[in-house]
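Here's the structure, in structure tokens; my notes come after.
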Amino acid sequence: MIVHSGEYRKKNGQRGCVMMNNFIFENKTKVSFGKGGVKEYLGGLLANFGETVMLAYGGGSIKTNGIYQEVMDVLKLAGKQVIEFSGIMPNPTYSKVMEGKKVVQENQVDLILAVGGGSVMDCSKAISMAAATDKDVWEEYWIKKGEIDFEPVPVGVIVTVVGTGSEVNGEGVITHEEQKIKTSRNYPRCNPVFAMMDPKYTYTVSPLQTAAGGFDMLSHVMETYFSAPDEDNLSDAISEALMRSIIANLPVAIRE
């Protein structure tokens, strides 16, 4: 959305006219933000899905920082059958997606619960598509922009590493090892059905990872800020506020 400033309108003789670009916005993700949110709200959210949950995560750090046990306690209390899918790597691969597809199909998974950062979320979204179709999702949906004519397996996310924004969009970045291609696609139908953001969970990552997440956020905002159009507009003003906030608060987060 571009809303031009009063100075711009005056120079162009528009006299108060507000110019906007047309757009369509869609986001089905229900966001829960706040300390203790997993204990308080996850059980209620799980009630909307079947009994089998695939718990997807990365290298296993959630098992040493207490997050795994907290999530498992809620899942067990909700009476869910839990299938674990671990080892999702940074820059998730297509072979890992296919591995996840097999797990989901063999266990008739009703919900994929991704616990981690952007890579875990991205891989889980790709798995949600692959498990719901017989098509080659790499060729049909990553090499080219495809039309999803099926319902992906629902994905819920619990954020432990910030930076990508993957928790509230349908984008997934996947690497095909054999073809040596890394590419991303954004499908709104793959948006997580819910995203749980407990700031306490971000304390579990190292200062280095905290810094990386902050610069990831800053880079993504800059991508929008420095792109066209060049005139002053509301989107740029929002980006400036975000960048100022990151620059002011990131050193505090690393220090404390």
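FYI, nothing fancy with the structure tokens labels: chains A, B, ... in order, residues from 1 per chain, ligands from 1 as they appear.
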Contacts between region 165-185 of chain A and region 74-141 of chain A, please, where a residue of region 74-141 of chain A counts if it comes within 9 Å (with only C-alpha atoms); show its shortest atom pair and distance in Å to one decimal, rows by chain and ascending number, as a Markdown table.
| residue | atom | partner | partner_atom | distance |
| --- | --- | --- | --- | --- |
| A:Asn91 | CA | A:Thr175 | CA | 6.5 |
| A:Pro92 | CA | A:Ile174 | CA | 5.6 |
| A:Thr93 | CA | A:Thr175 | CA | 4.6 |
| A:Tyr94 | CA | A:His176 | CA | 5.1 |
| A:Ser95 | CA | A:His176 | CA | 7.5 |
| A:Val97 | CA | A:Ile174 | CA | 8.6 |
| A:Gly117 | CA | A:Ser166 | CA | 8.1 |
| A:Gly118 | CA | A:Ser166 | CA | 5.6 |
| A:Ser119 | CA | A:Val173 | CA | 7.8 |
| A:Met121 | CA | A:Ser166 | CA | 6.5 |
| A:Asp122 | CA | A:Gly172 | CA | 4.2 |
| A:Cys123 | CA | A:Gly172 | CA | 6.8 |
| A:Ser124 | CA | A:Gly172 | CA | 8.6 |
| A:Lys125 | CA | A:Gly172 | CA | 6.6 |
| A:Ala126 | CA | A:Gly172 | CA | 6.7 |
| A:Trp138 | CA | A:His176 | CA | 8.2 |
| A:Tyr141 | CA | A:Arg185 | CA | 7.5 |
What are the DSSP strand (DSSP E or B) residues of region 114-205 of chain A, as JSON, numbers by chain? {"A": [114, 115, 116, 155, 156, 157, 158, 159, 171, 172, 173, 174, 175, 176, 181, 182, 183, 184, 185, 186, 194, 195, 196, 197]}
Just-selected residues, C-alpha atoms written as a compact mmCIF listing (two decimals), in the first residue's frame:
# COMPACT_ATOMS: atom_id res chain seq x y z
CA ALA A 114 6.62 -26.91 14.00
CA VAL A 115 8.76 -25.80 16.95
CA GLY A 116 11.76 -23.67 16.04
CA VAL A 155 0.52 -26.48 10.29
CA GLY A 156 0.82 -24.79 13.67
CA VAL A 157 4.04 -23.14 14.81
CA ILE A 158 5.77 -22.34 18.09
CA VAL A 159 8.49 -19.76 17.54
CA GLU A 171 6.44 -18.83 2.24
CA GLY A 172 8.89 -21.68 2.25
CA VAL A 173 12.54 -21.71 1.16
CA ILE A 174 13.64 -25.17 0.05
CA THR A 175 16.95 -26.47 -1.35
CA HIS A 176 17.14 -29.29 -3.89
CA ILE A 181 18.82 -25.02 -6.55
CA LYS A 182 17.52 -23.05 -3.57
CA THR A 183 14.26 -21.23 -4.11
CA SER A 184 11.21 -19.91 -2.29
CA ARG A 185 7.49 -19.76 -2.97
CA ASN A 186 4.66 -18.16 -1.07
CA PHE A 194 -1.83 -20.63 14.47
CA ALA A 195 1.45 -19.14 15.65
CA MET A 196 2.52 -19.09 19.29
CA MET A 197 5.07 -16.42 20.18
Glu151 (chain A) environment, 12 Å, only C-alpha atoms, sequence neighbours closer than 3 positions dropped, as a PyMOL selection string: chain A and resi 110+125+128-133+147-148+154-155+187-191
Let's see if you can do this: from backbone DSSP, list all alpha helix (DSSP H) residues in region 2-207 of chain A, as a ChimeraX atom specification. /A:6-11,37-46,67-77,94-107,118-130,137,207
Considering only C-alpha atoms, state which residue in the set A:Ala56, A:Val193, A:Leu42, A:Val162 is at the smallest distance from Thr29 (chain A). A:Val193
Taking into account only C-alpha atoms, which residue in the set A:Asn22, A:Leu218, A:Gly43, A:Asn107 is nearest to Gly79 (chain A)?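 Residue with the minimum atom-to-atom distance to Gly79 (chain A): A:Gly43.
The protein and nucleic acid residues lying at most 12 Å from Gly44 (chain A) are Ser32, Gly37, Val38, Lys39, Glu40, Tyr41, Ala47, Asn48, Phe49, Val74, Leu75, Leu77, Ala78, Gly79 and Phe194 of chain A, with only C-alpha atoms considered and sequence neighbours fewer than 3 positions away removed.
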Which of these residues is nearest to Ile254 (chain A), using only C-alpha atoms: A:Ser239, A:Thr202, A:Asn233, A:Thr224? A:Thr202
Counting only C-alpha atoms, what is within 12 Å of Glu84 (chain A), bar same-chain residues fewer than 3 positions away, as a PyMOL selection string? chain A and resi 52-58+60+68+72+81+87-88+100+103-104+107+109+111-115
Can you pull out the residues contacting Asn249 (chain A)? Cut-off 12 Å, using only C-alpha atoms, and skip same-chain residues under 3 positions away; I want them as a compact mmCIF listing (two decimals) with C-alpha atoms, in the first residue's frame.
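Below is the file part.txt, written as the result:
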# COMPACT_ATOMS: atom_id res chain seq x y z
CA THR A 210 19.92 -13.43 18.69
CA ALA A 211 22.12 -11.03 16.74
CA GLY A 214 17.92 -9.16 14.56
CA PHE A 215 19.91 -8.55 11.40
CA LEU A 218 16.54 -5.58 9.63
CA LEU A 242 10.58 -0.89 12.62
CA MET A 243 14.24 -0.29 11.80
CA ARG A 244 14.60 2.25 14.60
CA SER A 245 13.07 -0.23 17.05
CA ILE A 246 15.41 -3.06 15.99
CA VAL A 252 19.74 -4.63 24.79
CA ALA A 253 18.50 -8.12 23.88
CA ILE A 254 22.06 -9.33 23.26
CA ARG A 255 23.39 -7.74 26.43
CA GLU A 256 20.64 -8.99 28.73
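Distance check against Lys63 (chain A) using only C-alpha atoms: of A:Ser86, A:Met217, A:Asp232, A:Gln108, the minimum falls on A:Ser86.
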